[in-house]
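Asker: Let me give you the structure first, and then I'll get to my questions.
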Amino acid sequence: MAAFDVGKDAGVIGTGQKCLNTAGGWVDALFLSLPGLIKPFLPRPSFRREDFERELDFYFREGYADNPRSFFRRPEKIPHYTVSPMDSPSRIPCELISFESAYRTVNPLVRERFEGHSANRTGYLIRWAHGDPGRKTVLCLHGFMLGEPAQAEKMFQVRRLFDAGLDVALFITPFHWRRAPQSPFMRGIFLQPGDPAMTGECFGQAMHDLHISFGILRDLGAGEIGLAGASLGGYNAALFISLCDEPAFAALIVPAVNMSRPFGVETPAHAFKTDTELMMKARKVWELHSPLHLQPRIDRDHILIVASRGDRLCPFDQVIQLCEKWDWPRHRFLTGGHWLIFNNRLRGRAWYSFLRDRGFMEPGL
């Protein structure tokens, strides 16, 4: 087994590493500057204060703010789905699975604008499969504003997993890829600090459709299914294993943990006057679905967390909070930021060692 960081020693680093973490964080800072550059071109939220507050109050009145687990819904049954062949850049046998997402917003005040996006009503799975039943499967969860299958095939190194005997699948998060609005200015609709209620319902649908995806994969003959999520996908994986024990494992790679940073509810310019009390309500709803409020329902030995110390997109201190709350699952901390990592090979070593220890890969592969 490869060596992993030990909890209480995980924060001890040298001066050279600190400099590299700072350098990696600079790259993240450039990315974080983009919203400010395009902000003048984006439509300004047009909520009236009373409507905004009424939507927030729903989550308090119904008890979801104090009991986040009660907010999430499981589908009653697996919907009809279709399977069609799909091209793969690596020429791996690949198929597109389409299904109807019958998710209904928990908050009725959000329903009209949520359901107005017709493309989002269809859910998708991409599956690279050997064709025989019982294969162990890695279900990949992509990052924010990603989800293009060819890109995911490279990012998750699908060819290596497939050649190791695994089936691999990609879950398309709501409002991403073919589920996204056509307007380029609305492509980031899944995360809206100016609309915490809408964002909460996006996560509600993501969990609902992930349950469907597990059901479809099992219906297609999949064996054990483990989750591998990156960035926003890591957040979704952490949330999912806090709601159910279906996954055989969960690997959280440079995961988001809490949405209060870097883009919290104080970030957008509202069309009405705000105050401390209103922003406290908004933050509580914005953070309702954070894994920091929940405990995993799978064994901590079945969890891997890989994070970067200089990450400014998915702040490292929040990852430490999650590790502490979850009693230090298996973890590996890297040098650099979210995008620029200076010892990236350690991420692969941690991941493949984890797969071998979980019985998903043979020794030596």
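Here's how to read the names in the structure tokens: chain A, B, ... by the order shown, residue numbers from 1 in each chain, ligand numbers from 1 in the order shown.
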Output as CSV one row per residue of region 59-86 of chain A within 12 Å of region 237-260 of chain A: the closest atom pair and its distance in Å to one decimal place, counting only C-alpha atoms, sorted by chain and residue number ascending.
Answerer:
```
residue,atom,partner,partner_atom,distance
A:Pro68,CA,A:Leu243,CA,10.0
A:Arg69,CA,A:Leu243,CA,6.8
A:Ser70,CA,A:Leu243,CA,9.5
A:Phe71,CA,A:Leu243,CA,10.5
A:Phe72,CA,A:Leu243,CA,8.2
A:Arg73,CA,A:Leu243,CA,9.8
A:Arg74,CA,A:Leu243,CA,9.8
```
Asker: Write the residues of the selection above to a file with C-alpha atoms, as a CSV table (one decimal), in the first residue's frame.
Answerer:
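Generated output (out-v6.csv):
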```
chain,number,residue,atom,x,y,z
A,68,PRO,CA,-30.6,18.9,5.3
A,69,ARG,CA,-31.0,15.1,4.7
A,70,SER,CA,-34.8,15.4,4.7
A,71,PHE,CA,-34.6,17.8,1.6
A,72,PHE,CA,-33.4,15.1,-0.8
A,73,ARG,CA,-35.7,12.8,-2.8
A,74,ARG,CA,-35.2,9.4,-4.2
```
Asker: Can you list, as a PyMOL selection string, every protein, DNA or RNA residue that comes within 12 Å of region 129-137 of chain A when you count only C-alpha atoms, leaving out same-chain residues fewer than 3 positions away?
Answerer: chain A and resi 85-86+88+91-97+125-126+140+158-159+161-170+214+217-228+247-249+355+358-361
Asker: Any chance you can output those residues with N, CA and C atoms as a short mmCIF file (atom, residue, chain, number, x, y, z; two decimals), in the first residue's frame?
Answerer:
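Full text of again.cif as output:
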```cif
data_model
loop_
_atom_site.label_atom_id
_atom_site.label_comp_id
_atom_site.auth_asym_id
_atom_site.auth_seq_id
_atom_site.Cartn_x
_atom_site.Cartn_y
_atom_site.Cartn_z
N PRO A 85 -25.42 3.46 -29.48
CA PRO A 85 -23.97 3.50 -29.62
C PRO A 85 -23.46 4.93 -29.76
N MET A 86 -22.22 5.15 -29.32
CA MET A 86 -21.62 6.48 -29.34
C MET A 86 -20.14 6.34 -29.67
N SER A 88 -16.18 6.93 -29.49
CA SER A 88 -15.21 7.19 -28.45
C SER A 88 -13.89 7.54 -29.09
N ARG A 91 -11.67 4.75 -29.15
CA ARG A 91 -12.25 3.57 -29.81
C ARG A 91 -12.60 2.46 -28.82
N ILE A 92 -12.99 2.87 -27.63
CA ILE A 92 -13.50 1.93 -26.65
C ILE A 92 -14.99 1.76 -26.91
N PRO A 93 -15.54 0.55 -26.77
CA PRO A 93 -16.99 0.40 -26.93
C PRO A 93 -17.73 1.36 -26.00
N CYS A 94 -18.56 2.20 -26.59
CA CYS A 94 -19.16 3.30 -25.83
C CYS A 94 -20.64 3.41 -26.18
N GLU A 95 -21.44 3.77 -25.20
CA GLU A 95 -22.87 3.93 -25.43
C GLU A 95 -23.42 5.11 -24.65
N LEU A 96 -24.45 5.71 -25.22
CA LEU A 96 -25.15 6.83 -24.60
C LEU A 96 -26.47 6.32 -24.04
N ILE A 97 -26.67 6.53 -22.75
CA ILE A 97 -27.90 6.13 -22.08
C ILE A 97 -28.70 7.39 -21.77
N LEU A 125 -26.20 9.21 -19.21
CA LEU A 125 -25.02 8.47 -18.76
C LEU A 125 -24.23 8.09 -20.00
N ILE A 126 -22.93 8.23 -19.93
CA ILE A 126 -22.05 7.67 -20.96
C ILE A 126 -21.45 6.41 -20.35
N CYS A 140 -18.05 8.07 -12.92
CA CYS A 140 -17.32 9.33 -12.81
C CYS A 140 -18.28 10.51 -12.75
N VAL A 158 -10.06 6.85 -18.84
CA VAL A 158 -10.99 5.75 -19.04
C VAL A 158 -10.31 4.55 -19.70
N ARG A 159 -9.39 4.81 -20.66
CA ARG A 159 -8.71 3.71 -21.33
C ARG A 159 -7.98 2.81 -20.34
N LEU A 161 -8.56 2.38 -17.10
CA LEU A 161 -9.53 1.65 -16.28
C LEU A 161 -10.18 0.53 -17.07
N PHE A 162 -10.52 0.82 -18.32
CA PHE A 162 -11.16 -0.18 -19.18
C PHE A 162 -10.20 -1.35 -19.43
N ASP A 163 -8.94 -1.05 -19.73
CA ASP A 163 -7.96 -2.10 -19.99
C ASP A 163 -7.67 -2.93 -18.74
N ALA A 164 -7.95 -2.35 -17.57
CA ALA A 164 -7.78 -3.09 -16.31
C ALA A 164 -8.96 -4.00 -16.02
N GLY A 165 -9.94 -4.00 -16.93
CA GLY A 165 -11.08 -4.90 -16.78
C GLY A 165 -12.33 -4.26 -16.20
N LEU A 166 -12.29 -2.95 -15.99
CA LEU A 166 -13.44 -2.26 -15.41
C LEU A 166 -14.35 -1.68 -16.49
N ASP A 167 -15.63 -1.63 -16.21
CA ASP A 167 -16.53 -0.78 -16.96
C ASP A 167 -16.47 0.61 -16.35
N VAL A 168 -16.69 1.63 -17.17
CA VAL A 168 -16.63 3.01 -16.69
C VAL A 168 -17.87 3.73 -17.19
N ALA A 169 -18.42 4.59 -16.36
CA ALA A 169 -19.58 5.39 -16.76
C ALA A 169 -19.35 6.84 -16.35
N LEU A 170 -20.01 7.75 -17.04
CA LEU A 170 -19.95 9.18 -16.73
C LEU A 170 -21.36 9.68 -16.50
N PHE A 214 -27.62 4.76 -10.77
CA PHE A 214 -27.25 3.51 -10.13
C PHE A 214 -28.23 2.41 -10.50
N LEU A 217 -27.61 1.31 -14.17
CA LEU A 217 -26.38 0.51 -14.30
C LEU A 217 -26.59 -0.90 -13.74
N ARG A 218 -27.29 -1.01 -12.63
CA ARG A 218 -27.57 -2.34 -12.08
C ARG A 218 -28.50 -3.11 -13.00
N ASP A 219 -29.47 -2.41 -13.60
CA ASP A 219 -30.38 -3.07 -14.53
C ASP A 219 -29.64 -3.59 -15.76
N LEU A 220 -28.55 -2.92 -16.12
CA LEU A 220 -27.74 -3.33 -17.26
C LEU A 220 -26.70 -4.39 -16.89
N GLY A 221 -26.71 -4.80 -15.62
CA GLY A 221 -25.85 -5.91 -15.21
C GLY A 221 -24.57 -5.52 -14.53
N ALA A 222 -24.41 -4.26 -14.12
CA ALA A 222 -23.17 -3.83 -13.46
C ALA A 222 -23.00 -4.56 -12.14
N GLY A 223 -21.74 -4.83 -11.79
CA GLY A 223 -21.43 -5.39 -10.48
C GLY A 223 -21.32 -4.25 -9.47
N GLU A 224 -20.29 -4.28 -8.63
CA GLU A 224 -20.09 -3.20 -7.68
C GLU A 224 -19.84 -1.89 -8.43
N ILE A 225 -20.36 -0.80 -7.87
CA ILE A 225 -20.21 0.51 -8.49
C ILE A 225 -19.56 1.46 -7.49
N GLY A 226 -18.43 2.05 -7.89
CA GLY A 226 -17.77 3.05 -7.06
C GLY A 226 -17.82 4.40 -7.73
N LEU A 227 -17.69 5.47 -6.94
CA LEU A 227 -17.76 6.83 -7.44
C LEU A 227 -16.39 7.48 -7.48
N ALA A 228 -16.10 8.20 -8.55
CA ALA A 228 -14.90 9.03 -8.66
C ALA A 228 -15.34 10.41 -9.11
N PRO A 247 -22.80 3.23 -3.08
CA PRO A 247 -21.48 3.11 -3.72
C PRO A 247 -20.54 2.19 -2.95
N ALA A 248 -19.75 1.42 -3.70
CA ALA A 248 -18.73 0.57 -3.09
C ALA A 248 -17.60 1.41 -2.53
N PHE A 249 -17.37 2.59 -3.11
CA PHE A 249 -16.37 3.52 -2.62
C PHE A 249 -16.66 4.89 -3.19
N LEU A 355 -7.89 1.80 -5.67
CA LEU A 355 -8.67 0.84 -6.45
C LEU A 355 -8.21 -0.59 -6.19
N ARG A 358 -9.41 -1.78 -2.85
CA ARG A 358 -10.86 -1.99 -2.83
C ARG A 358 -11.26 -3.18 -3.70
N GLY A 359 -10.28 -3.83 -4.32
CA GLY A 359 -10.57 -5.01 -5.13
C GLY A 359 -11.07 -4.70 -6.53
N PHE A 360 -10.86 -3.45 -6.99
CA PHE A 360 -11.31 -3.06 -8.32
C PHE A 360 -10.22 -3.24 -9.38
N MET A 361 -8.98 -3.36 -8.94
CA MET A 361 -7.87 -3.58 -9.88
C MET A 361 -6.95 -4.64 -9.29
#
```
Asker: Of the residues A:Arg312, A:Ser353, A:Asp317, A:Arg187, which is the one nearest to Gly336 (chain A), using only C-alpha atoms?
Answerer: A:Arg312
Asker: Would you mind listing what lies within 10 Å of Gln151 (chain A) as an MDAnalysis selection string, with only C-alpha atoms counted and same-chain residues fewer than 5 positions away left out?
Answerer: chainID A and resid 89 142 146 156:157
Asker: Nearest to Gly234 (chain A): which of A:Gly143, A:Pro329, A:Pro196, A:Pro149 is it, counting only C-alpha atoms?
Answerer: A:Gly143
Asker: Once DSSP has gone over the backbone, tell me which residues of region 150-229 of chain A are in strand (DSSP E or B), as JSON, numbers by chain.
Answerer: {"A": [167, 168, 169, 170, 171, 225, 226, 227, 228, 229]}
Asker: How many Å separate CA of Pro193 (chain A) from CA of Trp286 (chain A)?
Answerer: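 Computing the Euclidean distance for CA of Pro193 (chain A) and CA of Trp286 (chain A) yields 7.3 Å.
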Asker: Please report the interatomic distance between CA of Arg261 (chain A) and CA of His302 (chain A) in Å with one decimal.
Answerer: 27.4 Å
Asker: Which residue out of A:Phe185, A:Phe342, A:Phe99, A:Tyr64 has the minimum interatomic distance to Pro79 (chain A) when only C-alpha atoms are used?
Answerer: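 Between A:Phe185, A:Phe342, A:Phe99, A:Tyr64, the residue approaching Pro79 (chain A) most closely is A:Phe99.
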